[in-house]
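Undergrad: Quick one: the structure is below, questions incoming.
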Amino acid sequence: MAYDFGSQTLGIKNPFKTEGALRTLGGVLTLLLAVYVVFTVPAIFDANKVKGYTLLAVGFVLVVSGIRHTAVGILQLMRFFVGRTVPTSLAYNFSKSEQDAAQAEQKSLLYSKESLHSMLMGRRNTTFEEPKGWLARLVHSVFPKLVFLPYPLRHLAQEILAMGATLIVGLVTYAIVYFLVSNGFAGEVAKIVVMPVLSLVLLIYFVANWTSTAKGIHNEGNSQLAKAGGLSIGVIIGLALVLPLGAGVFLDGVVGSNINELKNWSEEHAFFSAWLNFVYLFISIGVVIGLVFPLLKKRMDLVTPQTEVSEFRANMQESVHPNEIFINIENIVLANRRYKEVPNRIYADFVPKLKEQAEGKGSFEGELLIETQPTLSEGVALPKGAKVALSAIAQVAVVVAAVLFYSSGVQLAELLHLVINIGVDNSALLNNAFSMVNNLLMLIFAWLTFRAAGSILNNASHMFWGELNFNSLLMYMKTEGTYTESRVSTGMAIHDSTRSENVVVRSSITPWIITSRINTSIFATSGMNNLEAPRFVMGMNKNDGELKEIVDEIKAFLRGRETIASITNESDLANASTIHQVNQQTRAFNKNPDDRLTLKETEESAGFLRNEKDSE
């Protein structure tokens with residue numbers, strides 16, 4: 001949506017300044033490390049060109065990463081441009097003055113006018129969807145109030161706990177395989193080969209899942225609840241029982257009598273040990289859970305999952321045209337409830353349908369679904385200190401990941417230099433090569449682990465900083481009834497110089513009004529699309545006092561209507577008085593009393609003439 005400037009601002013300030021300052025600091029530290037690497041490259045080139053080129057590539061990656069991270073932080077520190085059309089509407093806005101904004105926000109709409117109508121009529125909140133997938137059900141069973149949070153926070157909890165469940169299943173699988181192999185069920189060769197390979201495969205699997213978790217946590221475009229399932233535990237345990245036995249039989253057949261040589265080779269060349277990386281992974285998962293879930297718990301404690309509405313139903317007999325009812329409600333009653341004169345969001349516009357059944361008689365009906373401009377609310381503010389700690393630890397993880405990446409680059413440079421020179425003295429350098437490979441793998445997995453942890457913490461903190469809460473009036477009105485036309489004439493006496501003849505519409509009105517004060521939540525981002533994310537209905541609250549005011553205004557309008565036309569212009573009133581005086585002169589009595597008509601005879605004559613005219 002465009003930045004629609006207005007002198008009356010909505011009072012929405014930038015929520016990301018603290019987070020932006022911390023991110024900028026993390027990016028600057030990464031850039032300083034990159035500058036250090038780049039400035040050390042020229043000196044290294046003279047001694048070792050392979051190491052020099054490798055570190056030059058590492059420095060380039062660190063520069064790009066540092067600039068990107070710093071740019072994100074600086075963007076969050078910039079001015080938060082908020083126009084008069086934010087936040088996003090709940091459904092498509094049919095207001096004629098807001099069509100540009102309505103077209104721009106279509107992709108971010110979470111509800112339809114039918115779903116909003118059903119929420120008010122049925123006293124239910126369709127935002128609170130049932131969890132999808134057995135793992136999601138497990139998470140929501142442990143935290144029952146999680147179902148009352150917006151989708152991005154539910155995704156956050158599901159992703160992290162799904163990683164925890166994956167970790168537990170993986171460790172159980174590893175324990176089963178270790179029991180089978182260590183007790184000789186898979187053969188002698190499996191003791192030498194299977195366990196080291198299995199630990200490496202398990203580490204790759206865990207790190208890949210940890211990285212996938214980081215990518216799955218975001219607050220952009222979360223308009224649907226994600227499914228959280230997983231591979232069947234029975235299938236995993238079955239594979240843990242079958243695969244080691246099958247692999248053992250296969251390896252025994254391949255190695256055969258060469259098992260002693262395999263043992264000697266494995267003792268001379270130590271295989272990669274994944275235990276230190278497992279410790280890094282468990283620490284990072286523990287830190288993430290320890291920082292994120294207290295905030296989630298606090299957010300769950302602040303939920304208000306009411307689905308209450310205020311309702312008015314009645315039947316009124318009023319002398320008013322049906323169209324006047326709709327015009328008054330939309331253009332006067334509801335327009336008076338605008339916030340800072342921002343147009344209301346119209347989700348179902350009044351299009352009154354008049355059905356004439358006979359001459360002067362018929363029925364009418366019309367519907368309206370409208371929301372007033374949402375106002376910023378501070379109802380579910382989270383502790384600032386916890387959010388600061390979350391963002392600060394995220395930057396620590398980012399800087400640690402950058403240092404580990406640099407260390408990996410140094411180790412890779414030394415390994416490449418060693419591999420190039422292995423042909424000179426193969427026996428002397430081969431053992432060092434295996435040791436360097438092990439160290440390189442350890443550093444790479446550690447870098448991936450802390451990079452994913454930093455990404456998860458950054459994305460989670462961005463959610464908690466960016467959640468904004470609003471309050472607005474949501475109103476549905478359905479009006480039905482019948483109408484009858486009749487004529488009312490005044491000033492019809494024979495001596496009256498002016499008269500008024502009016503067609504009066506007598507309407508039997510049956511309105512059904514449902515209103516609710518709704519609490520909504522939206523997750524802001526930095527940049528042009530700062531408040532164009534889906535907006536979630538989090539609570540529906542009674543507003544009997546507000547509904548009474550609306551009904552009283554409608555009744556006052558209906559009963560204050562004029563049904564007989566009169567002269568309100570002073571010039572017209574003076575002209576009518578002049579005409580009346582002229583008529584009085586022309587009706588002056590004759591001097592002969594016998595020629596005068598009595599008042600009764602005059603009225604009878606006038607009535608006879610009117611009857612004659614009507615019969616003709």
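Residue numbering restarts at 1 in every chain; chains get A, B, ... in the order shown in the structure tokens, and ligands count up from 1 in that same order.
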Counting only C-alpha atoms, which residues in region 327-425 of chain A sit no more than 12 Å from region 502-522 of chain A? For each one, give the nearest pair of atoms and the distance in Å, sorted by chain then residue number, as a tab-separated table.
TA:
residue	atom	partner	partner_atom	distance
A:Ile329	CA	A:Ile513	CA	11.3
A:Leu334	CA	A:Thr515	CA	11.9
A:Leu354	CA	A:Ser507	CA	11.9
A:Gly360	CA	A:Val505	CA	8.5
A:Lys361	CA	A:Val505	CA	9.1
A:Gly362	CA	A:Ser507	CA	9.6
A:Ser363	CA	A:Ser507	CA	8.9
A:Phe364	CA	A:Ile509	CA	9.1
A:Glu365	CA	A:Thr510	CA	9.4
A:Gly366	CA	A:Pro511	CA	9.6
A:Glu367	CA	A:Trp512	CA	9.5
A:Leu368	CA	A:Ile513	CA	9.4
A:Leu369	CA	A:Ile514	CA	9.6
A:Ile370	CA	A:Thr515	CA	9.7
A:Glu371	CA	A:Ile518	CA	9.5
A:Thr372	CA	A:Arg517	CA	10.0
A:Gln373	CA	A:Ile518	CA	11.6
A:Pro374	CA	A:Thr520	CA	8.4
A:Thr375	CA	A:Asn519	CA	9.8
A:Leu376	CA	A:Thr520	CA	9.6
A:Ser377	CA	A:Asn519	CA	8.5
A:Glu378	CA	A:Asn519	CA	10.8
A:Gly379	CA	A:Asn519	CA	9.0
A:Val380	CA	A:Ser521	CA	9.6
A:Ala381	CA	A:Ser521	CA	11.5
Undergrad: Separation of CA of Ala348 (chain A) and CA of Phe94 (chain A), in Å?
TA: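 According to the coordinates, CA of Ala348 (chain A) and CA of Phe94 (chain A) are separated by 7.0 Å.
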Undergrad: Please produce, as CSV, a per-residue contact table for region 265-374 of chain A versus region 463-478 of chain A (criterion: any atom at most 12 Å away, only C-alpha atoms considered), showing the nearest atom pair and its distance in Å to one decimal, sorted by chain then residue number.
TA:
residue,atom,partner,partner_atom,distance
A:Leu291,CA,A:Phe464,CA,11.7
A:Val292,CA,A:Phe464,CA,9.5
A:Phe293,CA,A:Phe464,CA,11.6
A:Pro294,CA,A:Phe464,CA,11.7
A:Leu295,CA,A:Phe464,CA,8.1
A:Leu296,CA,A:Phe464,CA,9.0
A:Lys298,CA,A:Phe464,CA,11.1
A:Arg299,CA,A:Phe464,CA,9.3
A:Leu302,CA,A:Asn469,CA,11.9
A:Val303,CA,A:Asn469,CA,11.6
A:Glu308,CA,A:Leu474,CA,11.8
A:Val309,CA,A:Met475,CA,9.5
A:Ser310,CA,A:Met475,CA,9.5
A:Glu311,CA,A:Tyr476,CA,9.6
A:Phe312,CA,A:Met477,CA,9.4
A:Arg313,CA,A:Lys478,CA,9.8
A:Ala314,CA,A:Lys478,CA,11.5
A:Ile325,CA,A:Lys478,CA,11.5
A:Phe326,CA,A:Met477,CA,10.0
A:Ile329,CA,A:Met477,CA,9.6
A:Glu330,CA,A:Met477,CA,10.6
A:Val333,CA,A:Met475,CA,11.9
A:Leu334,CA,A:Met475,CA,9.4
A:Arg337,CA,A:Leu473,CA,8.9
A:Arg338,CA,A:Leu473,CA,9.7
A:Tyr339,CA,A:Ser472,CA,9.2
A:Asn344,CA,A:Leu473,CA,9.7
A:Arg345,CA,A:Leu474,CA,9.4
A:Ile346,CA,A:Met475,CA,9.9
A:Tyr347,CA,A:Tyr476,CA,9.6
A:Ala348,CA,A:Tyr476,CA,8.8
A:Asp349,CA,A:Met477,CA,10.4
A:Phe350,CA,A:Met477,CA,9.4
A:Val351,CA,A:Lys478,CA,11.1
A:Pro352,CA,A:Lys478,CA,10.3
A:Lys353,CA,A:Lys478,CA,11.9
A:Phe364,CA,A:Lys478,CA,10.9
A:Glu365,CA,A:Lys478,CA,7.4
A:Gly366,CA,A:Lys478,CA,5.9
A:Glu367,CA,A:Lys478,CA,4.5
A:Leu368,CA,A:Met477,CA,5.1
A:Leu369,CA,A:Tyr476,CA,4.5
A:Ile370,CA,A:Met475,CA,5.4
A:Glu371,CA,A:Leu474,CA,4.5
A:Thr372,CA,A:Leu473,CA,5.4
A:Gln373,CA,A:Ser472,CA,6.4
A:Pro374,CA,A:Ser472,CA,4.6
Undergrad: Please provide the set of residues having any atom within 12 Å of Val396 (chain A), restricted to only C-alpha atoms, with same-chain residues fewer than 2 positions apart removed, written as a PyMOL selection string.
TA: chain A and resi 22-23+25-27+29-30+284+287+389-394+398-403+450-451+453-455+457-458
Undergrad: Please identify all polymer residues within 12 Å of Val142 (chain A), counting only C-alpha atoms, omitting same-chain residues fewer than 4 positions from it, and present them as a list of chain:residue names.
TA: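 Those residues are A:Leu135, A:Ala136, A:Arg137, A:Leu138, A:Leu146, A:Val147, A:Ala157, A:Gln158, A:Leu161, A:Lys297.
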Undergrad: Near Lys17 (chain A), counting only C-alpha atoms, which residues have an atom at most 8 Å away, once you skip same-chain residues fewer than 3 positions from it, shown as a PyMOL selection string?
TA: chain A and resi 14+20-21+76-77
Undergrad: Leaving out region 550-560 of chain A and any residue of its chain fewer than 2 positions from it, which residues lie within 8 Å of it when counting only C-alpha atoms, given as number ranges by chain?
TA: A: 318-320, 325, 328-329, 333, 546-548, 562
Undergrad: Between A:Thr525, A:Ser182, A:Thr54, A:Thr482, which residue has the minimum interatomic distance to Lys355 (chain A), considering only C-alpha atoms?
TA: A:Thr482
Undergrad: DSSP on the backbone: what in region 420-479 of chain A comes out helix (DSSP H, G or I), as a VMD selection string?
TA: chain A and resid 420 426 to 466
